[in-house]
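Report on the following structure.
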2 protein chains.
Amino acid sequence: MSTLPRKPKPKNEAEYHHGDLRRALVDAALRSIERDGVSELSLRALARSLRVSPRAPYRHFATKEQLLAAVAVEGYRMSASFTASRLAGSTDPVARLRTAVEAYVLFAVEHPAAFRVMYAPYALVEERAPDLLQARAEGHSEMMRLIGAAQHTGVVRAGDPMLLGLALWSVMHGLAVLLVEGQLSRFERPFEATKLARLVASLLFEGLLRRTE
Amino acid sequence: MSTLPRKPKPKNEAEYHHGDLRRALVDAALRSIERDGVSELSLRALARSLRVSPRAPYRHFATKEQLLAAVAVEGYRMSASFTASRLAGSTDPVARLRTAVEAYVLFAVEHPAAFRVMYAPYALVEERAPDLLQARAEGHSEMMRLIGAAQHTGVVRAGDPMLLGLALWSVMHGLAVLLVEGQLSRFERPFEATKLARLVASLLFEGLLRRTE
DNA sequence: ACCTGAACACCGTTCAAGT
DNA sequence: ACCTGAACACCGTTCAAGT
């Protein structure tokens, strides 16, 4: 390891991108998508807004898709810390599971741009975006741990945790997507995401069939 | 009403687009999206493949987004007939409800391109795409009818049908999206969509909590 | 190493005509 | 009515250099 000092932080905004153009691109891309949607994202416009040449972003990302993959990874980090902060202090495993489901939906509603990019179809890029695969795998593992803990209490039914995870992921992802894409206007108006998430999660926990007590 | 004959069908493929360019554009767009994804769709390339000028599509669609809206409407038609054919012959309301859920997921897996366009974010366009809104509303009404009938048997719990509908739609839409976007590689491998849809639907019907018999 | 500037081969969309 | 052909203002990406 060298003892030379790291490259110093830039002293003013004008050289910000010289200090960390990669970071600046990811941030600017997320803001742009929040404002105008993914389809309006332009690498050239991004470069202009950061006052670098059209070629500069290619030092950090081979293609526009690779930049989007980096935005997605940032989204997974945001989502993980969003959920973690809501789980802090809660100890009951079933309550923690419910909280995680609600946090998933709420994150999507509060950060729709990040959510859309996280789950956009990047089939081709994924093979060359190991961070993206890893970020997804971590979220998945966390959910499976929460499910396992809830099953351990005996309150949640036994059975293949993978299958329970699939059902849980389906319902929370489905609700999140429908809310983010604004397809629920005919359901609840005005709808409150947290309330809906809680209601839908409860229906999944308790089931649609009538209880034969 | 005029007694004049309608415009005759084109006699050969070379003038196909003269007969119904609009129809040809929607069909070609769907095929293109199936092959290369939505992001690769090009109006100019579409026009080239149909041997018309770059300007010709604008006779039928004001923008590229309007063409995508038309593709989405076509998708809703396909989905409706896909489900209807699977419901035919089934009379038990609860079985019909389960069948509809499975058909929703299966349609997405068998027609991923149409499914993606149907649920893509077209917030801006929707206000000017009444057919799209109507197609969605019809699918929604059909599902609510199925739920109402299932509740009527007493096997499915009573309660706000809207809320049951939301839970059902969330779980089937979530599973469909996750399957279509290939996010389930860590769950079941190789997975069979119909089987997964049945399992997840059953978990929703029966609930995740342990039965206290 | 990191960035520039000019260029290539595309886009979506518009204008002014053609029949 | 329906389509053409040329043009405009963009894109993503590449080349050959600059420091």
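The chains in the structure tokens are called A, B, ... from first to last as shown; in each chain the residues are counted from 1, and the ligands are counted from 1 in the order shown.
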
Discussion item. I want to know what sits within 12 Å of D:DA9, based on only C-alpha atoms (C1' of nucleotides), with residues of the same chain fewer than 2 positions away left out; could you give that as a VMD selection string?
Written reply: (chain C and resid 11 to 14) or (chain D and resid 7 11)

Would you mind exporting the chosen residues as a PDB file, in the first residue's frame, restricted to N, CA and C atoms (P, O5', C5', C4', C3', O3' and C1' of nucleotides)?
ATOM      1  P    DC C  11     -33.140   4.055 -36.433  1.00  0.00           P
ATOM      2  O5'  DC C  11     -33.780   4.693 -35.124  1.00  0.00           O
ATOM      3  C5'  DC C  11     -33.785   6.000 -35.027  1.00  0.00           C
ATOM      4  C4'  DC C  11     -34.050   6.510 -33.672  1.00  0.00           C
ATOM      5  C3'  DC C  11     -35.401   7.196 -33.636  1.00  0.00           C
ATOM      6  O3'  DC C  11     -36.255   6.508 -32.765  1.00  0.00           O
ATOM      7  C1'  DC C  11     -33.624   8.803 -33.424  1.00  0.00           C
ATOM      8  P    DG C  12     -37.820   6.439 -33.156  1.00  0.00           P
ATOM      9  O5'  DG C  12     -38.301   7.895 -32.727  1.00  0.00           O
ATOM     10  C5'  DG C  12     -38.277   8.250 -31.355  1.00  0.00           C
ATOM     11  C4'  DG C  12     -38.764   9.673 -31.207  1.00  0.00           C
ATOM     12  C3'  DG C  12     -40.180   9.896 -31.724  1.00  0.00           C
ATOM     13  O3'  DG C  12     -40.840  10.831 -30.877  1.00  0.00           O
ATOM     14  C1'  DG C  12     -38.655  11.235 -32.958  1.00  0.00           C
ATOM     15  P    DT C  13     -42.379  11.215 -31.120  1.00  0.00           P
ATOM     16  O5'  DT C  13     -42.227  12.457 -32.107  1.00  0.00           O
ATOM     17  C5'  DT C  13     -41.430  13.570 -31.680  1.00  0.00           C
ATOM     18  C4'  DT C  13     -41.362  14.601 -32.779  1.00  0.00           C
ATOM     19  C3'  DT C  13     -42.710  14.898 -33.468  1.00  0.00           C
ATOM     20  O3'  DT C  13     -43.032  16.265 -33.219  1.00  0.00           O
ATOM     21  C1'  DT C  13     -40.935  14.722 -35.027  1.00  0.00           C
ATOM     22  P    DT C  14     -44.343  16.936 -33.835  1.00  0.00           P
ATOM     23  O5'  DT C  14     -43.715  17.763 -35.059  1.00  0.00           O
ATOM     24  C5'  DT C  14     -42.565  18.561 -34.840  1.00  0.00           C
ATOM     25  C4'  DT C  14     -42.237  19.361 -36.098  1.00  0.00           C
ATOM     26  C3'  DT C  14     -43.465  19.896 -36.853  1.00  0.00           C
ATOM     27  O3'  DT C  14     -43.183  21.218 -37.261  1.00  0.00           O
ATOM     28  C1'  DT C  14     -42.125  18.624 -38.310  1.00  0.00           C
TER      29       DT C  14
ATOM     30  P    DA D   7     -32.666  18.902 -47.644  1.00  0.00           P
ATOM     31  O5'  DA D   7     -33.072  19.307 -46.156  1.00  0.00           O
ATOM     32  C5'  DA D   7     -34.164  20.202 -45.960  1.00  0.00           C
ATOM     33  C4'  DA D   7     -34.537  20.235 -44.497  1.00  0.00           C
ATOM     34  C3'  DA D   7     -33.339  20.385 -43.549  1.00  0.00           C
ATOM     35  O3'  DA D   7     -33.440  21.644 -42.889  1.00  0.00           O
ATOM     36  C1'  DA D   7     -34.893  18.731 -42.787  1.00  0.00           C
ATOM     37  P    DC D  11     -30.028  15.399 -26.139  1.00  0.00           P
ATOM     38  O5'  DC D  11     -30.235  13.834 -26.133  1.00  0.00           O
ATOM     39  C5'  DC D  11     -29.680  13.144 -27.104  1.00  0.00           C
ATOM     40  C4'  DC D  11     -30.138  11.761 -27.288  1.00  0.00           C
ATOM     41  C3'  DC D  11     -29.040  10.787 -26.894  1.00  0.00           C
ATOM     42  O3'  DC D  11     -29.459  10.037 -25.794  1.00  0.00           O
ATOM     43  C1'  DC D  11     -29.414  10.747 -29.267  1.00  0.00           C
TER      44       DC D  11
END

Close residues, stretch 64-77 of chain A itself excluded, 8 Å, only C-alpha atoms (C1' of nucleotides), min 3 positions apart in chain, as an mmCIF file with N, CA and C atoms (P, O5', C5', C4', C3', O3' and C1' of nucleotides), in the first residue's frame:
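This went into part15.cif:
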data_model
loop_
_atom_site.group_PDB
_atom_site.id
_atom_site.type_symbol
_atom_site.label_atom_id
_atom_site.label_comp_id
_atom_site.auth_asym_id
_atom_site.auth_seq_id
_atom_site.Cartn_x
_atom_site.Cartn_y
_atom_site.Cartn_z
ATOM 1 N N LEU A 25 -22.604 11.467 -11.512
ATOM 2 C CA LEU A 25 -23.460 10.952 -12.580
ATOM 3 C C LEU A 25 -24.630 10.153 -12.008
ATOM 4 N N VAL A 26 -24.325 9.292 -11.045
ATOM 5 C CA VAL A 26 -25.383 8.478 -10.444
ATOM 6 C C VAL A 26 -26.416 9.378 -9.770
ATOM 7 N N ASP A 27 -25.947 10.365 -9.010
ATOM 8 C CA ASP A 27 -26.872 11.282 -8.328
ATOM 9 C C ASP A 27 -27.716 12.064 -9.331
ATOM 10 N N ALA A 29 -28.391 11.325 -12.395
ATOM 11 C CA ALA A 29 -29.285 10.429 -13.122
ATOM 12 C C ALA A 29 -30.552 10.174 -12.304
ATOM 13 N N LEU A 30 -30.369 9.904 -11.017
ATOM 14 C CA LEU A 30 -31.527 9.639 -10.155
ATOM 15 C C LEU A 30 -32.448 10.864 -10.105
ATOM 16 N N LEU A 43 -27.679 10.626 -21.520
ATOM 17 C CA LEU A 43 -26.290 10.707 -21.074
ATOM 18 C C LEU A 43 -25.679 12.053 -21.449
ATOM 19 N N PHE A 61 -18.720 4.490 -17.167
ATOM 20 C CA PHE A 61 -19.739 3.507 -17.528
ATOM 21 C C PHE A 61 -19.620 3.185 -19.013
ATOM 22 N N ALA A 80 -32.475 -0.692 1.619
ATOM 23 C CA ALA A 80 -32.016 -1.485 2.764
ATOM 24 C C ALA A 80 -31.955 -0.625 4.015
ATOM 25 N N SER A 81 -31.436 0.599 3.898
ATOM 26 C CA SER A 81 -31.302 1.424 5.096
ATOM 27 C C SER A 81 -32.678 1.962 5.519
ATOM 28 N N ALA A 114 -36.250 5.506 -7.997
ATOM 29 C CA ALA A 114 -35.289 4.466 -7.627
ATOM 30 C C ALA A 114 -35.928 3.085 -7.755
ATOM 31 N N PHE A 115 -37.162 2.965 -7.284
ATOM 32 C CA PHE A 115 -37.849 1.670 -7.331
ATOM 33 C C PHE A 115 -37.994 1.159 -8.760
ATOM 34 N N VAL A 117 -36.179 1.847 -11.387
ATOM 35 C CA VAL A 117 -34.890 1.438 -11.959
ATOM 36 C C VAL A 117 -34.419 0.116 -11.354
ATOM 37 N N MET A 118 -34.673 -0.064 -10.053
ATOM 38 C CA MET A 118 -34.249 -1.299 -9.377
ATOM 39 C C MET A 118 -34.863 -2.539 -10.020
ATOM 40 N N TYR A 119 -36.126 -2.396 -10.451
ATOM 41 C CA TYR A 119 -36.817 -3.569 -10.969
ATOM 42 C C TYR A 119 -37.069 -3.516 -12.467
ATOM 43 N N TYR A 122 -33.177 -5.516 -16.859
ATOM 44 C CA TYR A 122 -31.812 -5.370 -17.350
ATOM 45 C C TYR A 122 -31.173 -6.729 -17.556
ATOM 46 N N VAL A 125 -27.678 -6.742 -18.992
ATOM 47 C CA VAL A 125 -26.656 -6.075 -18.202
ATOM 48 C C VAL A 125 -26.292 -6.855 -16.941
ATOM 49 N N GLU A 126 -27.284 -7.545 -16.394
ATOM 50 C CA GLU A 126 -27.057 -8.192 -15.107
ATOM 51 C C GLU A 126 -25.826 -9.086 -15.076
ATOM 52 N N ALA A 129 -23.123 -7.023 -14.267
ATOM 53 C CA ALA A 129 -23.339 -6.093 -13.160
ATOM 54 C C ALA A 129 -23.437 -6.886 -11.863
ATOM 55 N N ASP A 131 -22.528 -6.205 -8.855
ATOM 56 C CA ASP A 131 -23.020 -5.457 -7.684
ATOM 57 C C ASP A 131 -24.537 -5.489 -7.626
ATOM 58 N N LEU A 132 -25.162 -5.390 -8.812
ATOM 59 C CA LEU A 132 -26.614 -5.395 -8.857
ATOM 60 C C LEU A 132 -27.146 -6.735 -8.365
ATOM 61 N N ALA A 135 -26.627 -6.893 -4.599
ATOM 62 C CA ALA A 135 -27.569 -6.047 -3.857
ATOM 63 C C ALA A 135 -28.926 -6.726 -3.761
ATOM 64 N N ARG A 136 -29.370 -7.336 -4.860
ATOM 65 C CA ARG A 136 -30.649 -8.025 -4.837
ATOM 66 C C ARG A 136 -30.605 -9.234 -3.909
ATOM 67 N N GLY A 139 -30.988 -8.258 -0.192
ATOM 68 C CA GLY A 139 -32.367 -7.967 0.188
ATOM 69 C C GLY A 139 -33.157 -9.248 0.353
ATOM 70 P P DG D 12 -28.336 9.598 -24.716
ATOM 71 O "O5'" DG D 12 -27.643 8.381 -25.475
ATOM 72 C "C5'" DG D 12 -28.388 7.202 -25.721
ATOM 73 C "C4'" DG D 12 -27.516 6.210 -26.465
ATOM 74 C "C3'" DG D 12 -26.251 5.823 -25.710
ATOM 75 O "O3'" DG D 12 -25.996 4.432 -25.941
ATOM 76 C "C1'" DG D 12 -25.663 6.861 -27.768
#

Item to complete: Name all residues at most 12 Å from D:DT19 (count only C-alpha atoms (C1' of nucleotides); drop same-chain ones fewer than 6 positions away) and give them as a VMD selection string.
Response: chain C and resid 1 to 4

Worksheet item: Which chain B residues are at most 6 Å from chain A (counting only C-alpha atoms), as a PyMOL selection string?
Response: chain B and resi 121+155-157+167+170-171+173-175+181+200+204-210

Keeping only C-alpha atoms, write the selected residues to a file as a PDB file, in the first residue's frame.
ATOM      1  CA  PRO B 121     -45.974   3.870 -16.967  1.00  0.00           C
ATOM      2  CA  VAL B 155     -66.422 -20.011   1.188  1.00  0.00           C
ATOM      3  CA  VAL B 156     -64.539 -16.767   0.696  1.00  0.00           C
ATOM      4  CA  ARG B 157     -64.620 -14.364   3.639  1.00  0.00           C
ATOM      5  CA  ALA B 167     -54.974  -8.241  -2.231  1.00  0.00           C
ATOM      6  CA  SER B 170     -51.368  -7.458  -5.733  1.00  0.00           C
ATOM      7  CA  VAL B 171     -50.367 -11.067  -5.368  1.00  0.00           C
ATOM      8  CA  HIS B 173     -49.557  -8.949 -10.424  1.00  0.00           C
ATOM      9  CA  GLY B 174     -46.505  -9.215  -8.178  1.00  0.00           C
ATOM     10  CA  LEU B 175     -45.876 -12.832  -9.128  1.00  0.00           C
ATOM     11  CA  GLU B 181     -38.593  -9.714 -15.154  1.00  0.00           C
ATOM     12  CA  VAL B 200     -49.028 -18.597  -4.199  1.00  0.00           C
ATOM     13  CA  LEU B 204     -53.212 -16.130  -0.132  1.00  0.00           C
ATOM     14  CA  PHE B 205     -56.500 -18.014   0.167  1.00  0.00           C
ATOM     15  CA  GLU B 206     -55.444 -19.955   3.235  1.00  0.00           C
ATOM     16  CA  GLY B 207     -53.224 -17.380   4.879  1.00  0.00           C
ATOM     17  CA  LEU B 208     -49.726 -17.438   6.335  1.00  0.00           C
ATOM     18  CA  LEU B 209     -50.775 -17.681   9.966  1.00  0.00           C
ATOM     19  CA  ARG B 210     -51.057 -21.069  11.582  1.00  0.00           C
TER      20      ARG B 210
END

Go through chain B residue by residue and, counting only C-alpha atoms (C1' of nucleotides), keep those with an atom at most 10 Å from chain C; for each kept residue give the shortest atom pair and its distance in Å to one decimal, ordered by chain and increasing number, as JSON lines.
{"residue": "B:Ser42", "atom": "CA", "partner": "C:DC11", "partner_atom": "C1'", "distance": 7.7}
{"residue": "B:Leu43", "atom": "CA", "partner": "C:DG12", "partner_atom": "C1'", "distance": 7.7}
{"residue": "B:Arg44", "atom": "CA", "partner": "C:DC11", "partner_atom": "C1'", "distance": 7.9}
{"residue": "B:Ala45", "atom": "CA", "partner": "C:DC11", "partner_atom": "C1'", "distance": 9.8}
{"residue": "B:Pro54", "atom": "CA", "partner": "C:DT13", "partner_atom": "C1'", "distance": 9.6}
{"residue": "B:Arg55", "atom": "CA", "partner": "C:DT13", "partner_atom": "C1'", "distance": 8.6}
{"residue": "B:Tyr58", "atom": "CA", "partner": "C:DT13", "partner_atom": "C1'", "distance": 9.0}
{"residue": "B:Ala62", "atom": "CA", "partner": "C:DT13", "partner_atom": "C1'", "distance": 9.5}
{"residue": "B:Thr63", "atom": "CA", "partner": "C:DG12", "partner_atom": "C1'", "distance": 8.1}
{"residue": "B:Lys64", "atom": "CA", "partner": "C:DG12", "partner_atom": "C1'", "distance": 7.8}

Would you output that residue set with N, CA and C atoms, as a compact mmCIF listing (two decimals), in the first residue's frame?
# COMPACT_ATOMS: atom_id res chain seq x y z
N SER B 42 -38.32 1.32 -32.49
CA SER B 42 -38.07 2.54 -33.27
C SER B 42 -39.17 2.72 -34.31
N LEU B 43 -39.81 3.87 -34.26
CA LEU B 43 -40.86 4.17 -35.24
C LEU B 43 -40.31 4.15 -36.66
N ARG B 44 -39.11 4.68 -36.82
CA ARG B 44 -38.52 4.73 -38.14
C ARG B 44 -38.24 3.33 -38.67
N ALA B 45 -37.70 2.48 -37.79
CA ALA B 45 -37.39 1.10 -38.20
C ALA B 45 -38.69 0.36 -38.54
N PRO B 54 -40.91 7.53 -43.10
CA PRO B 54 -40.87 7.80 -41.65
C PRO B 54 -42.08 8.61 -41.18
N ARG B 55 -42.68 9.33 -42.09
CA ARG B 55 -43.81 10.18 -41.74
C ARG B 55 -45.12 9.41 -41.66
N TYR B 58 -47.32 8.65 -38.51
CA TYR B 58 -47.92 9.80 -37.84
C TYR B 58 -49.33 10.11 -38.36
N ALA B 62 -50.15 10.07 -33.03
CA ALA B 62 -49.54 11.40 -32.88
C ALA B 62 -48.10 11.29 -32.40
N THR B 63 -47.83 10.26 -31.57
CA THR B 63 -46.49 10.07 -31.03
C THR B 63 -46.20 8.58 -30.90
N LYS B 64 -44.96 8.28 -30.61
CA LYS B 64 -44.56 6.90 -30.36
C LYS B 64 -45.33 6.34 -29.16

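Picture a line from atom CA of B:Asp160 to atom CA of A:Arg198; it runs 15.0 Å.
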
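Straight-line separation from atom CA of A:Arg59 to atom CA of A:Asp20: 11.5 Å.
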
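Within 10 Å of B:Phe82, once only C-alpha atoms (C1' of nucleotides) are used and residues closer than 2 positions along the same chain are dropped, the contacting residues are Tyr76, Arg77, Met78, Ser79, Ala80, Ala84, Ser85, Arg86, Leu87, Ala100, Ala103, Tyr104, Leu106 and Phe107 of chain B.
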
Fill in: All alpha helix (DSSP H) positions in chain A, as a ChimeraX atom specification
/A:16-36,43-49,64-87,93-110,112-118,123-126,130-152,161-180,193-206

Go ahead and save the picked residues with C-alpha atoms, as a compact mmCIF listing (two decimals), in the first residue's frame.
# COMPACT_ATOMS: atom_id res chain seq x y z
CA TYR A 16 -16.83 18.55 -8.33
CA HIS A 17 -16.99 16.15 -11.21
CA HIS A 18 -13.26 16.02 -11.38
CA GLY A 19 -13.32 14.74 -7.82
CA ASP A 20 -15.95 12.07 -8.33
CA LEU A 21 -17.68 12.17 -11.67
CA ARG A 22 -19.02 8.67 -11.19
CA ARG A 23 -20.86 9.60 -8.02
CA ALA A 24 -22.08 12.86 -9.59
CA LEU A 25 -23.46 10.95 -12.58
CA VAL A 26 -25.38 8.48 -10.44
CA ASP A 27 -26.87 11.28 -8.33
CA ALA A 28 -27.76 13.43 -11.33
CA ALA A 29 -29.28 10.43 -13.12
CA LEU A 30 -31.53 9.64 -10.15
CA ARG A 31 -32.67 13.27 -9.93
CA SER A 32 -33.31 13.37 -13.67
CA ILE A 33 -35.38 10.19 -13.54
CA GLU A 34 -37.36 11.52 -10.58
CA ARG A 35 -38.18 14.57 -12.62
CA ASP A 36 -38.78 13.21 -16.13
CA LEU A 43 -26.29 10.71 -21.07
CA ARG A 44 -25.43 13.77 -23.11
CA ALA A 45 -27.80 16.01 -21.14
CA LEU A 46 -26.35 14.59 -17.91
CA ALA A 47 -22.83 15.39 -19.10
CA ARG A 48 -23.90 18.91 -20.06
CA SER A 49 -25.45 19.54 -16.66
CA LYS A 64 -26.07 4.04 -20.53
CA GLU A 65 -27.42 0.73 -19.21
CA GLN A 66 -24.39 0.36 -16.96
CA LEU A 67 -25.12 3.76 -15.47
CA LEU A 68 -28.72 2.63 -14.85
CA ALA A 69 -27.38 -0.50 -13.16
CA ALA A 70 -25.33 1.72 -10.84
CA VAL A 71 -28.44 3.79 -10.10
CA ALA A 72 -30.27 0.55 -9.27
CA VAL A 73 -27.51 -0.51 -6.86
CA GLU A 74 -27.78 2.86 -5.14
CA GLY A 75 -31.55 2.25 -4.92
CA TYR A 76 -31.02 -1.09 -3.18
CA ARG A 77 -28.73 0.61 -0.65
CA MET A 78 -31.36 3.26 0.03
CA SER A 79 -34.07 0.62 0.37
CA ALA A 80 -32.02 -1.49 2.76
CA SER A 81 -31.30 1.42 5.10
CA PHE A 82 -34.93 2.59 4.83
CA THR A 83 -36.13 -0.81 6.03
CA ALA A 84 -33.39 -1.19 8.65
CA SER A 85 -34.31 2.10 10.30
CA ARG A 86 -37.95 0.97 10.58
CA LEU A 87 -36.99 -2.40 12.01
CA PRO A 93 -40.43 -11.60 14.79
CA VAL A 94 -43.94 -11.46 13.34
CA ALA A 95 -44.15 -7.70 13.87
CA ARG A 96 -40.74 -7.34 12.23
CA LEU A 97 -41.93 -9.30 9.22
CA ARG A 98 -45.01 -7.10 8.88
CA THR A 99 -42.89 -3.98 9.26
CA ALA A 100 -40.51 -5.12 6.54
CA VAL A 101 -43.43 -5.69 4.14
CA GLU A 102 -44.83 -2.24 4.86
CA ALA A 103 -41.39 -0.64 4.50
CA TYR A 104 -40.94 -2.27 1.09
CA VAL A 105 -44.17 -0.75 -0.19
CA LEU A 106 -43.57 2.60 1.48
CA PHE A 107 -40.08 2.88 0.04
CA ALA A 108 -41.46 2.32 -3.44
CA VAL A 109 -44.06 5.04 -2.97
CA GLU A 110 -41.59 7.53 -1.51
CA PRO A 112 -40.65 5.73 -7.21
CA ALA A 113 -37.78 6.63 -9.52
CA ALA A 114 -35.29 4.47 -7.63
CA PHE A 115 -37.85 1.67 -7.33
CA ARG A 116 -38.55 1.63 -11.06
CA VAL A 117 -34.89 1.44 -11.96
CA MET A 118 -34.25 -1.30 -9.38
CA ALA A 123 -31.45 -8.99 -18.32
CA LEU A 124 -28.48 -8.37 -20.53
CA VAL A 125 -26.66 -6.08 -18.20
CA GLU A 126 -27.06 -8.19 -15.11
CA PRO A 130 -22.30 -8.26 -10.20
CA ASP A 131 -23.02 -5.46 -7.68
CA LEU A 132 -26.61 -5.39 -8.86
CA LEU A 133 -26.98 -9.15 -8.43
CA GLN A 134 -25.36 -8.93 -5.00
CA ALA A 135 -27.57 -6.05 -3.86
CA ARG A 136 -30.65 -8.02 -4.84
CA ALA A 137 -29.38 -11.18 -3.16
CA GLU A 138 -28.82 -9.31 0.10
CA GLY A 139 -32.37 -7.97 0.19
CA HIS A 140 -33.60 -11.45 -0.52
CA SER A 141 -31.54 -13.04 2.26
CA GLU A 142 -32.72 -10.47 4.76
CA MET A 143 -36.34 -11.27 3.94
CA MET A 144 -35.74 -15.00 4.27
CA ARG A 145 -34.16 -14.46 7.70
CA LEU A 146 -37.23 -12.50 8.83
CA ILE A 147 -39.50 -15.29 7.58
CA GLY A 148 -37.49 -17.99 9.28
CA ALA A 149 -37.61 -16.10 12.59
CA ALA A 150 -41.37 -15.63 12.29
CA GLN A 151 -41.89 -19.32 11.57
CA HIS A 152 -39.77 -20.16 14.60
CA PRO A 161 -39.73 -20.80 3.65
CA MET A 162 -38.98 -20.23 -0.02
CA LEU A 163 -42.63 -20.59 -0.85
CA LEU A 164 -43.75 -18.28 1.94
CA GLY A 165 -41.10 -15.84 0.78
CA LEU A 166 -42.42 -16.01 -2.74
CA ALA A 167 -45.97 -15.29 -1.62
CA LEU A 168 -44.83 -12.45 0.60
CA TRP A 169 -42.60 -10.97 -2.06
CA SER A 170 -45.35 -11.28 -4.66
CA VAL A 171 -47.91 -9.44 -2.59
CA MET A 172 -45.63 -6.62 -1.47
CA HIS A 173 -44.02 -6.21 -4.86
CA GLY A 174 -47.38 -6.30 -6.59
CA LEU A 175 -48.87 -3.66 -4.33
CA ALA A 176 -45.76 -1.51 -4.67
CA VAL A 177 -45.79 -1.71 -8.47
CA LEU A 178 -49.51 -0.98 -8.71
CA LEU A 179 -49.15 2.03 -6.41
CA VAL A 180 -46.06 3.36 -8.16
CA ALA A 193 -49.87 3.59 1.10
CA THR A 194 -49.03 2.50 4.65
CA LYS A 195 -52.65 1.70 5.41
CA LEU A 196 -53.07 -0.28 2.20
CA ALA A 197 -49.84 -2.18 2.80
CA ARG A 198 -51.02 -3.09 6.29
CA LEU A 199 -54.43 -4.22 5.05
CA VAL A 200 -53.09 -6.29 2.19
CA ALA A 201 -50.40 -7.85 4.35
CA SER A 202 -53.05 -8.77 6.92
CA LEU A 203 -55.18 -10.43 4.27
CA LEU A 204 -52.18 -12.48 3.20
CA PHE A 205 -51.39 -13.45 6.79
CA GLU A 206 -54.95 -14.38 7.62

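Atom CA of B:Arg128 lies 26.3 Å from atom CA of B:Leu50.
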